[in-house]
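> The following block contains the structure, expressed as structure tokens.
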Amino acid sequence: MQTPSKANPPLWTILSLLTWTADYFKTRGVESPRAGAEILLAETLRCDRIDLYLRFDQPLHEDELARFKGLIKRRVQGEPVAYIVGKRGFWTLDLAVSESVLIPRPETECLVETALTLLPADATETTGRVLDLGTGSGAIVLSLAAERPGHRFFASDRSPDALRQAKRNAGKTGVAFFCSDWFDAVLPSATPFDLIVSNPPYIPTGEIDGLQVEVRNHEPRLALDGGRDGLSAIRRIIGGAPDRLSSGGHLLLEIGCDQGPAVERLIQQSGGYAAWSIRKDKAGRDRVLLARKGFK
């Protein structure tokens, strides 16, 4: 975007800015150029994206152009749109995000959908206890709490910064947050959970540097790095969950699209589960492990 000349300043309207920015993003290899341009311009003008097309011929003031130009620079340098605007939509929620938490992905909604089938909508007779491990922004547990408010929800993370972010998103939902490295703060002798959910880090260490610049340079490595084989956290959760689940309770894990067979082997080797299956996401890829502890 060229700096307007005082002698003959160009008239930048909403539509012309969107067109120019989307084209500029394309030339710089920025992912989703049009959507990114719309989100950043809506943030600049403090309006909804739909309003941009209702006001497409509206010219921008110099201060608005300056703010928008600053956002464009940050995006071209690889900063994710969600971190620039400080929020990301997930399920039915609008979540605040920062570089202390992983940006919620649409594929994680597959885990939420599966979890909802296990939680009765009417919890007047049976109130379930749900634990979200490595909650990050709180996307999973807060989505479940919004849909099934009659149950009791708990969420942990080893990162104090992530917990602060999740608590801000939670508001007064009643979710109980605590700091823990997976099950370290959850004793087997404590009251068991009916459902344990998690989106753990599952990217092999050696693959992280090959990820998109938006991911490898900005999202927390703690939430990405699954160890040498990508299964370090998954292995710990599968091994520790049976002692923290109630009889017939379920474990739900998001997994990498190529990890289904390896995860099933871990489940079988653990000996703590009576049944299990791998659920696919909307793209037809392996995405969620569903495992049930046996009844006693």
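In the structure tokens, chains take the letters A, B, ... in the order shown, each chain's residues start at 1, and ligands count up from 1 in the order shown.
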Go through range 193-227 of chain A and flag each residue having an atom no more than 12 Å from range 142-153 of chain A; for those, report the closest pair of atoms plus their distance in Å to one decimal, using only C-alpha atoms, ordered by chain and rising number, as JSON lines.


```
{"residue": "A:Phe193", "atom": "CA", "partner": "A:Arg152", "partner_atom": "CA", "distance": 9.6}
{"residue": "A:Asp194", "atom": "CA", "partner": "A:Arg152", "partner_atom": "CA", "distance": 10.1}
{"residue": "A:Leu195", "atom": "CA", "partner": "A:Phe153", "partner_atom": "CA", "distance": 9.7}
{"residue": "A:Ile196", "atom": "CA", "partner": "A:Phe153", "partner_atom": "CA", "distance": 10.1}
{"residue": "A:Val197", "atom": "CA", "partner": "A:Leu144", "partner_atom": "CA", "distance": 10.4}
```

> For the residues selected in the previous step, produce a file with N, CA and C atoms as a PDB file, in the first residue's frame.


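As a result, result.pdb now contains:
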```pdb
ATOM      1  N   PHE A 193     -13.113 -39.592  36.897  1.00  0.00           N
ATOM      2  CA  PHE A 193     -13.821 -38.825  35.875  1.00  0.00           C
ATOM      3  C   PHE A 193     -14.575 -39.772  34.946  1.00  0.00           C
ATOM      4  N   ASP A 194     -15.693 -39.287  34.447  1.00  0.00           N
ATOM      5  CA  ASP A 194     -16.479 -40.077  33.504  1.00  0.00           C
ATOM      6  C   ASP A 194     -15.982 -39.891  32.071  1.00  0.00           C
ATOM      7  N   LEU A 195     -15.349 -38.751  31.835  1.00  0.00           N
ATOM      8  CA  LEU A 195     -14.826 -38.457  30.501  1.00  0.00           C
ATOM      9  C   LEU A 195     -13.542 -37.639  30.633  1.00  0.00           C
ATOM     10  N   ILE A 196     -12.505 -38.083  29.960  1.00  0.00           N
ATOM     11  CA  ILE A 196     -11.249 -37.336  29.887  1.00  0.00           C
ATOM     12  C   ILE A 196     -11.009 -37.004  28.423  1.00  0.00           C
ATOM     13  N   VAL A 197     -10.794 -35.726  28.134  1.00  0.00           N
ATOM     14  CA  VAL A 197     -10.564 -35.289  26.757  1.00  0.00           C
ATOM     15  C   VAL A 197      -9.237 -34.544  26.679  1.00  0.00           C
TER      16      VAL A 197
END
```

> Would you give me, as a tab-separated table, each residue of range 47-114 of chain A having an atom within 10 Å of an atom of range 264-287 of chain A, along with its shortest atom pair and that distance in Å to one decimal, using only C-alpha atoms and sorting by chain and residue number?


```
residue	atom	partner	partner_atom	distance
A:Pro106	CA	A:Asp281	CA	9.5
A:Glu107	CA	A:Asp281	CA	6.3
A:Thr108	CA	A:Arg287	CA	8.1
A:Glu109	CA	A:Asp281	CA	8.6
A:Cys110	CA	A:Asp281	CA	5.8
A:Leu111	CA	A:Arg287	CA	7.9
A:Thr114	CA	A:Arg279	CA	8.4
```

> Which is closer to Glu31 in chain A than all the others in A:Leu18, A:Ala166, A:Gly86, A:Val215, using only C-alpha atoms?

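The shortest atom-to-atom distance to Glu31 in chain A comes from A:Val215.
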
> Residues at most 8 Å from range 90-99 of chain A, counting only C-alpha atoms, excluding those fewer than 3 positions away in the same chain, as number ranges by chain?

A: 82-83, 86-87, 102-106, 109, 137, 139, 143, 165, 168-169, 218-220

> Hey, what's within 7 Å of Leu252 in chain A if we count only C-alpha atoms and toss same-chain stuff fewer than 5 positions away? As a CSV table (one decimal) with C-alpha atoms, in the first residue's frame, please?


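So the final result, stored in selection.csv, reads:
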```csv
chain,number,residue,atom,x,y,z
A,196,ILE,CA,-11.2,-37.3,29.9
A,197,VAL,CA,-10.6,-35.3,26.8
A,198,SER,CA,-7.4,-33.8,25.3
A,288,VAL,CA,-10.1,-38.8,17.3
A,289,LEU,CA,-9.3,-41.8,19.5
A,290,LEU,CA,-12.4,-43.0,21.5
A,291,ALA,CA,-11.5,-45.5,24.2
```

> As a list in words, please: every residue in range 182-263 of chain A that DSSP puts in strand (DSSP E or B).

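Reading the DSSP output for range 182-263 of chain A, strand (DSSP E or B) covers Phe193, Asp194, Leu195, Ile196, Val197, Ser198, Ile203, Asp225, Leu245, Ser246, Ser247, Gly248, Gly249, His250, Leu251, Leu252, Leu253 and Glu254 of chain A.
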
> Tell me which of A:Val101, A:Leu211, A:Ile203, A:Ala190 sits closest to Asp161 in chain A, counting only C-alpha atoms.

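Of A:Val101, A:Leu211, A:Ile203, A:Ala190, the one nearest Asp161 in chain A, counting only C-alpha atoms, is A:Val101.
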
> Quick one: distance from CA of Gln58 in chain A to CA of Val76 in chain A in Å, one decimal?

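Separation of CA of Gln58 in chain A and CA of Val76 in chain A: 25.0 Å.
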
> Provide the CA of Ile140 in chain A to CA of Lys167 in chain A distance in Å, to one decimal place.

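CA of Lys167 in chain A lies at a distance of 13.0 Å from CA of Ile140 in chain A.
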
> Check the smallest atom-to-atom distance from each of A:Arg49, A:Arg129, A:Arg55, A:Lys293 to Gly36 in chain A using only C-alpha atoms, then report the winner.

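Answer, going by the shortest atom-to-atom distance: A:Arg49.
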
> Between CA of Ala262 in chain A and CA of Pro242 in chain A, what is the distance in Å, rounded to a tenth?

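It comes out at 18.7 Å.
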
> Using only C-alpha atoms, pick whichever of A:Glu64, A:Asp225, A:Glu113, A:Asp157 has the shortest atom-to-atom distance to Leu131 in chain A.

A:Asp157

> Quick one: residues within 10 Å of Thr44 in chain A, only C-alpha atoms counted, chain neighbours fewer than 5 positions away excluded, as number ranges by chain?

A: 38-39, 63-71, 85

> Go ahead and write the residues just picked, N, CA and C atoms, as a PDB file, in the first residue's frame.


```pdb
ATOM      1  N   GLU A  38     -10.043  -9.450   4.953  1.00  0.00           N
ATOM      2  CA  GLU A  38     -11.344  -9.067   5.514  1.00  0.00           C
ATOM      3  C   GLU A  38     -11.295  -8.983   7.040  1.00  0.00           C
ATOM      4  N   ILE A  39     -10.682  -9.993   7.655  1.00  0.00           N
ATOM      5  CA  ILE A  39     -10.625 -10.007   9.123  1.00  0.00           C
ATOM      6  C   ILE A  39      -9.821  -8.828   9.650  1.00  0.00           C
ATOM      7  N   ASP A  63      -5.867   7.845   9.718  1.00  0.00           N
ATOM      8  CA  ASP A  63      -5.509   7.054  10.894  1.00  0.00           C
ATOM      9  C   ASP A  63      -5.945   5.593  10.725  1.00  0.00           C
ATOM     10  N   GLU A  64      -7.063   5.366  10.051  1.00  0.00           N
ATOM     11  CA  GLU A  64      -7.515   3.996   9.794  1.00  0.00           C
ATOM     12  C   GLU A  64      -6.568   3.301   8.810  1.00  0.00           C
ATOM     13  N   LEU A  65      -6.134   4.017   7.804  1.00  0.00           N
ATOM     14  CA  LEU A  65      -5.180   3.458   6.852  1.00  0.00           C
ATOM     15  C   LEU A  65      -3.864   3.098   7.533  1.00  0.00           C
ATOM     16  N   ALA A  66      -3.425   3.959   8.441  1.00  0.00           N
ATOM     17  CA  ALA A  66      -2.168   3.703   9.143  1.00  0.00           C
ATOM     18  C   ALA A  66      -2.276   2.452  10.010  1.00  0.00           C
ATOM     19  N   ARG A  67      -3.400   2.295  10.716  1.00  0.00           N
ATOM     20  CA  ARG A  67      -3.605   1.111  11.561  1.00  0.00           C
ATOM     21  C   ARG A  67      -3.644  -0.154  10.709  1.00  0.00           C
ATOM     22  N   PHE A  68      -4.349  -0.073   9.578  1.00  0.00           N
ATOM     23  CA  PHE A  68      -4.486  -1.232   8.700  1.00  0.00           C
ATOM     24  C   PHE A  68      -3.131  -1.613   8.104  1.00  0.00           C
ATOM     25  N   LYS A  69      -2.350  -0.617   7.728  1.00  0.00           N
ATOM     26  CA  LYS A  69      -1.026  -0.883   7.165  1.00  0.00           C
ATOM     27  C   LYS A  69      -0.154  -1.623   8.177  1.00  0.00           C
ATOM     28  N   GLY A  70      -0.263  -1.257   9.453  1.00  0.00           N
ATOM     29  CA  GLY A  70       0.504  -1.947  10.495  1.00  0.00           C
ATOM     30  C   GLY A  70       0.106  -3.398  10.621  1.00  0.00           C
ATOM     31  N   LEU A  71      -1.190  -3.701  10.500  1.00  0.00           N
ATOM     32  CA  LEU A  71      -1.659  -5.087  10.574  1.00  0.00           C
ATOM     33  C   LEU A  71      -1.193  -5.891   9.367  1.00  0.00           C
ATOM     34  N   VAL A  85      -5.455 -10.191  15.783  1.00  0.00           N
ATOM     35  CA  VAL A  85      -6.727  -9.626  16.265  1.00  0.00           C
ATOM     36  C   VAL A  85      -7.052 -10.068  17.684  1.00  0.00           C
TER      37      VAL A  85
END
```

> Which residue is closest to Leu54 in chain A? Choose from A:Gln259, A:Ile72, A:Gly248, A:Ile14 and count only C-alpha atoms.

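Looking at the shortest contact to Leu54 in chain A, the residue is A:Ile14.
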
> List as a ChimeraX atom specification the protein and nucleic acid residues near Val213 in chain A, meaning an atom at most 9 Å away when only C-alpha atoms are counted, but skip any in the same chain fewer than 4 places from it.

/A:77-79,209,217-218

> Any chance you can output those residues with N, CA and C atoms as a CSV table (one decimal), in the first residue's frame?


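Once everything was written out, this is part10.csv:
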```csv
chain,number,residue,atom,x,y,z
A,77,GLN,N,4.8,-10.7,7.7
A,77,GLN,CA,5.9,-11.3,8.5
A,77,GLN,C,5.6,-12.6,9.1
A,78,GLY,N,4.4,-13.1,8.9
A,78,GLY,CA,4.1,-14.5,9.3
A,78,GLY,C,3.3,-14.6,10.6
A,79,GLU,N,2.9,-13.5,11.2
A,79,GLU,CA,2.1,-13.6,12.4
A,79,GLU,C,0.7,-14.1,12.1
A,209,ASP,N,10.2,-27.8,12.5
A,209,ASP,CA,10.8,-26.7,11.7
A,209,ASP,C,10.4,-26.7,10.2
A,217,ASN,N,6.9,-20.4,14.1
A,217,ASN,CA,7.5,-19.2,14.7
A,217,ASN,C,6.7,-18.5,15.7
A,218,HIS,N,5.4,-18.9,15.8
A,218,HIS,CA,4.5,-18.1,16.7
A,218,HIS,C,3.7,-19.0,17.7
```

> Write down as a ChimeraX atom specification the residues of range 52-252 of chain A whose backbone DSSP state falls under alpha helix (DSSP H).

/A:52-54,62-76,81-85,109-118,139-147,160-170,213-216,232-240

> Report as a list in words all protein, DNA and RNA residues lying within 12 Å of Thr19 in chain A, evaluated on only C-alpha atoms, omitting residues in the same chain fewer than 6 positions from it.

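In the requested format, the answer is Met1, Trp12, Thr13, Phe25, Lys26, Pro33, Arg34, Ala35, Gly36, Ala37, Glu38, Leu41 and Phe56 of chain A.
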